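Undergrad: Below: one structure in C-alpha cells.
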Amino acid sequence: METRENSESSIYDHNHPPRTTKTRRGIHTPEAGSIPIFPEEIIVEILSRLPVRCLLKFRCVSKSWRSVISSNHFIRAHLAVSRKDTNFARHRIISTVLLPCYSLKQCSLNSLLSEPVADAADFDYPMKNPNNSVRAVGCCNGLVCIAINGKHIFLWNPSTRKHKKLPDADERMTRGLFITKYGFGFDECNDDYKVLGIFSGFCTAGRYETRVKVYSLRANSWKRIDVFKDGLPFDDTGKFVSGKLHWGRRVGFNSRWEIVSFDLGSEVCGKVEQPGYIEGGFSPSLGVLGGCLCVLCDFPKTSVDVWILREYGKRDSWDKLVTVPYDLGDPWKGPYSTPLCRGAKGEILLVYGSSFIVYDPKDNAFHRPKITNFDTFLEADVYVESLVSLVPDAAPRFKTRRNTRHQ
C-alpha cells in the first residue's frame, strides 16, 4: 500500500514541465553542514537527468537532498527530462505475458529499437499469483493502472514500487460474469488521476445492463455517471491524449466506425473527427504515438497506413505518417497492432502477432528484435520511469493551461 513519505511528493500537473525559477539557496551535504556547495537549481538540473533507482538511493544522502528529490518541482522536472529523451533511455515496454502463466514483464524500449537482443525482466506487481489474470489498463506519467482478474484495480508506480488498491467499483461484480472496459489518465483541471470503468452484465433481477463509473484518486471513490447512451466503446482500454480518453466503436446498421472521447475534467463525452481517408476497405484501430492520437488503417495482407493527429482538436492536422507493408516473407501476414513508438530516425515499433517488429521506412526494411526471458504475450504498452506519487496532498490545487500541441 502506498504510504505518505512527504507531503510534497504528490500529484500536480505532471504533464507540463515546471517554470524555471532563480534562487540562491544551496544544497547542503552532511559534511559541509550549513555551507552551500552548489546552487539548488544546478543540483536539480544534475539530479533530474538520473534514473529513478539512483534518486531513490540519493534521498538518503541528507535531509535537504530528500526534500528536493521529493518535491513537486523536482518530480515535474525529472518527468519532463525523461519524456523528452529521444533515445528513450527511461522508457519501458510493459507486456502481459500468457505463458507459462499470466504475468507482467518489462524491457527497455531503447533496446527494442536499437539492439539485436533485449532482456525482459519480471515485475513484482500487486496480487501477483500464477492463478490470477492480469492486464495493464493504461499508463500515464509513470503510473500504470492494472486489473487483476478483471475486477481488482490498482494504481502502481513500477519505478518506486508503490501501489494503491482502488475500492471495489461494483459489488455486483463479485457475482456472475461481467464484461469490463477501462481507461486511465490525468485530469489536469482538477489535478487528479482518474479511472473510467464500463461494467456490463446481468444484474440480480436477471436483466442485462451497463453501468459506467469514474474513480478519483483525490476522493478515493467511484461515482456513477450517465454517458455512452448512444453506444458503448468497442475497444477494451481507452487511449489517453490531451486530457481525454478515446475509444473506437461501431454504430448504426452499417457498423460505421467512429472515435468517441471522454473528458476526464468535465466528464462529458464527445467525438473526434477522423482523417480524410482516400481509400476504403480497411480495418481501423486506435492508438497513441508520441503523445498524439493515431489511427491505424489495416488493408489485410497488404499494408497499414498510420495516421497521426498532430494538433488535437483540429481535423486538418491529421497526417498520414507512414505506410507499413506486410512482410512478404511471412506467410501469416498480420494484423499489426497500433504503433507503440516512433524512433529518432523515423523507425516504427509495432506488435506483430506475439512478437515485436521494427519497420524502417527509409530503407523499407524490417527488424525483429530477440527478447530473452519472454514468451507469448497478449498486449504491450509504454511507460516512462518517474517519481510520481500516489498520495494526494493537502496543498491548494493548481489549474494549468491545457497544451494541445504535441511534438
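Residue numbers start at 1 in each chain; chains themselves are named A, B, ... in the order of the C-alpha cells; ligands are numbered from 1 in the order shown.
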DSSP on the backbone: what in region 238-279 of chain A comes out strand (DSSP E or B), as a ChimeraX atom specification?
TA: /A:239-241,244-251,256-263,269-272
Undergrad: Got time to write the residues from that selection, N, CA and C atoms, as a PDB file, in the first residue's frame?
TA:
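Final file, out.pdb:
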```pdb
ATOM      1  N   LYS A 239      -7.626   5.173 -24.842  1.00  0.00           N
ATOM      2  CA  LYS A 239      -6.339   5.784 -25.174  1.00  0.00           C
ATOM      3  C   LYS A 239      -6.337   7.219 -24.656  1.00  0.00           C
ATOM      4  N   PHE A 240      -5.374   7.549 -23.785  1.00  0.00           N
ATOM      5  CA  PHE A 240      -5.344   8.856 -23.133  1.00  0.00           C
ATOM      6  C   PHE A 240      -4.496   9.842 -23.931  1.00  0.00           C
ATOM      7  N   VAL A 241      -5.146  10.929 -24.369  1.00  0.00           N
ATOM      8  CA  VAL A 241      -4.478  12.010 -25.095  1.00  0.00           C
ATOM      9  C   VAL A 241      -5.169  13.325 -24.747  1.00  0.00           C
ATOM     10  N   LYS A 244      -8.171  13.536 -22.348  1.00  0.00           N
ATOM     11  CA  LYS A 244      -9.363  12.756 -22.668  1.00  0.00           C
ATOM     12  C   LYS A 244      -8.993  11.301 -22.933  1.00  0.00           C
ATOM     13  N   LEU A 245      -9.967  10.421 -22.666  1.00  0.00           N
ATOM     14  CA  LEU A 245      -9.846   9.014 -23.025  1.00  0.00           C
ATOM     15  C   LEU A 245     -10.582   8.790 -24.337  1.00  0.00           C
ATOM     16  N   HIS A 246     -10.033   7.915 -25.184  1.00  0.00           N
ATOM     17  CA  HIS A 246     -10.598   7.693 -26.509  1.00  0.00           C
ATOM     18  C   HIS A 246     -10.769   6.202 -26.770  1.00  0.00           C
ATOM     19  N   TRP A 247     -11.874   5.885 -27.433  1.00  0.00           N
ATOM     20  CA  TRP A 247     -12.150   4.524 -27.873  1.00  0.00           C
ATOM     21  C   TRP A 247     -12.650   4.550 -29.310  1.00  0.00           C
ATOM     22  N   GLY A 248     -12.459   3.452 -30.002  1.00  0.00           N
ATOM     23  CA  GLY A 248     -13.145   3.251 -31.265  1.00  0.00           C
ATOM     24  C   GLY A 248     -14.424   2.475 -31.006  1.00  0.00           C
ATOM     25  N   ARG A 249     -15.450   2.712 -31.807  1.00  0.00           N
ATOM     26  CA  ARG A 249     -16.693   1.952 -31.674  1.00  0.00           C
ATOM     27  C   ARG A 249     -17.409   1.920 -33.019  1.00  0.00           C
ATOM     28  N   ARG A 250     -18.328   0.980 -33.156  1.00  0.00           N
ATOM     29  CA  ARG A 250     -19.129   0.875 -34.378  1.00  0.00           C
ATOM     30  C   ARG A 250     -20.593   1.131 -34.032  1.00  0.00           C
ATOM     31  N   VAL A 251     -21.228   1.956 -34.860  1.00  0.00           N
ATOM     32  CA  VAL A 251     -22.609   2.350 -34.600  1.00  0.00           C
ATOM     33  C   VAL A 251     -23.425   2.236 -35.883  1.00  0.00           C
ATOM     34  N   ARG A 256     -20.834   1.720 -38.786  1.00  0.00           N
ATOM     35  CA  ARG A 256     -19.881   2.800 -39.066  1.00  0.00           C
ATOM     36  C   ARG A 256     -18.918   2.970 -37.895  1.00  0.00           C
ATOM     37  N   TRP A 257     -17.612   3.038 -38.208  1.00  0.00           N
ATOM     38  CA  TRP A 257     -16.596   3.200 -37.163  1.00  0.00           C
ATOM     39  C   TRP A 257     -16.404   4.671 -36.846  1.00  0.00           C
ATOM     40  N   GLU A 258     -16.318   4.994 -35.558  1.00  0.00           N
ATOM     41  CA  GLU A 258     -16.085   6.367 -35.139  1.00  0.00           C
ATOM     42  C   GLU A 258     -15.235   6.399 -33.878  1.00  0.00           C
ATOM     43  N   ILE A 259     -14.696   7.575 -33.583  1.00  0.00           N
ATOM     44  CA  ILE A 259     -13.850   7.772 -32.404  1.00  0.00           C
ATOM     45  C   ILE A 259     -14.647   8.561 -31.373  1.00  0.00           C
ATOM     46  N   VAL A 260     -14.842   7.982 -30.207  1.00  0.00           N
ATOM     47  CA  VAL A 260     -15.571   8.643 -29.136  1.00  0.00           C
ATOM     48  C   VAL A 260     -14.590   8.996 -28.021  1.00  0.00           C
ATOM     49  N   SER A 261     -14.831  10.136 -27.354  1.00  0.00           N
ATOM     50  CA  SER A 261     -13.921  10.593 -26.302  1.00  0.00           C
ATOM     51  C   SER A 261     -14.681  10.831 -25.008  1.00  0.00           C
ATOM     52  N   PHE A 262     -13.926  10.822 -23.904  1.00  0.00           N
ATOM     53  CA  PHE A 262     -14.471  11.152 -22.581  1.00  0.00           C
ATOM     54  C   PHE A 262     -13.499  12.100 -21.906  1.00  0.00           C
ATOM     55  N   ASP A 263     -13.959  13.325 -21.636  1.00  0.00           N
ATOM     56  CA  ASP A 263     -13.132  14.346 -21.000  1.00  0.00           C
ATOM     57  C   ASP A 263     -13.059  14.068 -19.497  1.00  0.00           C
ATOM     58  N   CYS A 269     -18.860  13.314 -22.771  1.00  0.00           N
ATOM     59  CA  CYS A 269     -18.439  12.567 -23.956  1.00  0.00           C
ATOM     60  C   CYS A 269     -18.454  13.455 -25.196  1.00  0.00           C
ATOM     61  N   GLY A 270     -17.675  13.061 -26.179  1.00  0.00           N
ATOM     62  CA  GLY A 270     -17.629  13.777 -27.444  1.00  0.00           C
ATOM     63  C   GLY A 270     -17.142  12.851 -28.538  1.00  0.00           C
ATOM     64  N   LYS A 271     -16.966  13.401 -29.724  1.00  0.00           N
ATOM     65  CA  LYS A 271     -16.458  12.641 -30.858  1.00  0.00           C
ATOM     66  C   LYS A 271     -15.280  13.374 -31.478  1.00  0.00           C
ATOM     67  N   VAL A 272     -14.384  12.614 -32.074  1.00  0.00           N
ATOM     68  CA  VAL A 272     -13.195  13.172 -32.718  1.00  0.00           C
ATOM     69  C   VAL A 272     -13.321  12.974 -34.224  1.00  0.00           C
TER      70      VAL A 272
END
```
Undergrad: Skip region 150-162 of chain A itself and residues of its chain fewer than 5 positions away, then list as JSON, numbers by chain all residues within 8 Å of it, counting only C-alpha atoms.
TA: {"A": [1, 2, 3, 52, 53, 56, 123, 125, 126, 133, 134, 142, 143, 144, 145, 167, 168, 169, 173, 180, 385, 386, 387, 388, 389, 390]}
Undergrad: I need the chosen residues saved as a CSV table (one decimal), in the first residue's frame, with C-alpha atoms.
TA:
```csv
chain,number,residue,atom,x,y,z
A,1,MET,CA,0.0,0.0,0.0
A,2,GLU,CA,1.2,3.5,-0.8
A,3,THR,CA,2.4,5.3,2.3
A,52,VAL,CA,14.8,6.7,-10.6
A,53,ARG,CA,16.7,3.9,-9.0
A,56,LEU,CA,15.7,6.7,-4.5
A,123,PHE,CA,7.6,-7.5,-12.4
A,125,TYR,CA,3.3,-6.3,-9.1
A,126,PRO,CA,0.4,-6.3,-6.6
A,133,SER,CA,-5.1,-13.0,-14.7
A,134,VAL,CA,-3.5,-9.5,-15.1
A,142,GLY,CA,5.0,6.8,-15.0
A,143,LEU,CA,1.9,5.3,-13.2
A,144,VAL,CA,0.3,2.1,-14.5
A,145,CYS,CA,-3.2,1.0,-13.9
A,167,PRO,CA,-12.1,0.4,-3.8
A,168,ASP,CA,-14.4,-2.2,-5.5
A,169,ALA,CA,-16.2,-0.4,-8.3
A,173,MET,CA,-19.0,-7.9,-10.0
A,180,THR,CA,-15.3,-4.7,-18.2
A,385,GLU,CA,10.1,5.9,-15.3
A,386,SER,CA,9.0,8.6,-12.8
A,387,LEU,CA,8.8,9.6,-9.2
A,388,VAL,CA,5.1,10.5,-9.4
A,389,SER,CA,3.4,9.6,-6.1
A,390,LEU,CA,0.0,8.2,-5.4
```
Undergrad: When you count only C-alpha atoms, which of these residues is closest to Cys294 (chain A): A:Tyr312, A:Trp307, A:Phe199, A:Tyr326?
TA: A:Trp307
Undergrad: Fewer than 4 positions away in the same chain doesn't count, so skip those; otherwise give me all residues within 9 Å of region 277-282 of chain A, counting only C-alpha atoms, as a PyMOL selection string.
TA: chain A and resi 297-300+304
Undergrad: Pick from A:Gly346, A:Pro233, A:Pro284, A:Pro392: nearest to Tyr182 (chain A), with only C-alpha atoms counted?
TA: A:Pro233
Undergrad: Can you pull out every residue within 7 Å of Leu109 (chain A), counting only C-alpha atoms, but drop anything in the same chain fewer than 2 positions away, and send it as a list in words?
TA: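 Contacts, with the query itself left out: Phe88, His91, Arg92, Ile93, Cys107, Ser111, Leu112 and Leu113 of chain A.
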Undergrad: Could you work out how far CA of Ser200 (chain A) lies from CA of Ile179 (chain A), giving the answer in Å with one decimal?
TA: 5.1 Å
Undergrad: Need the shell around region 338-340 of chain A: protein/DNA/RNA residues with any atom at most 8 Å away, counting only C-alpha atoms. Skip same-chain ones fewer than 6 positions apart. Format as number ranges by chain?
TA: A: 285-289, 295-296, 348-351, 381-382
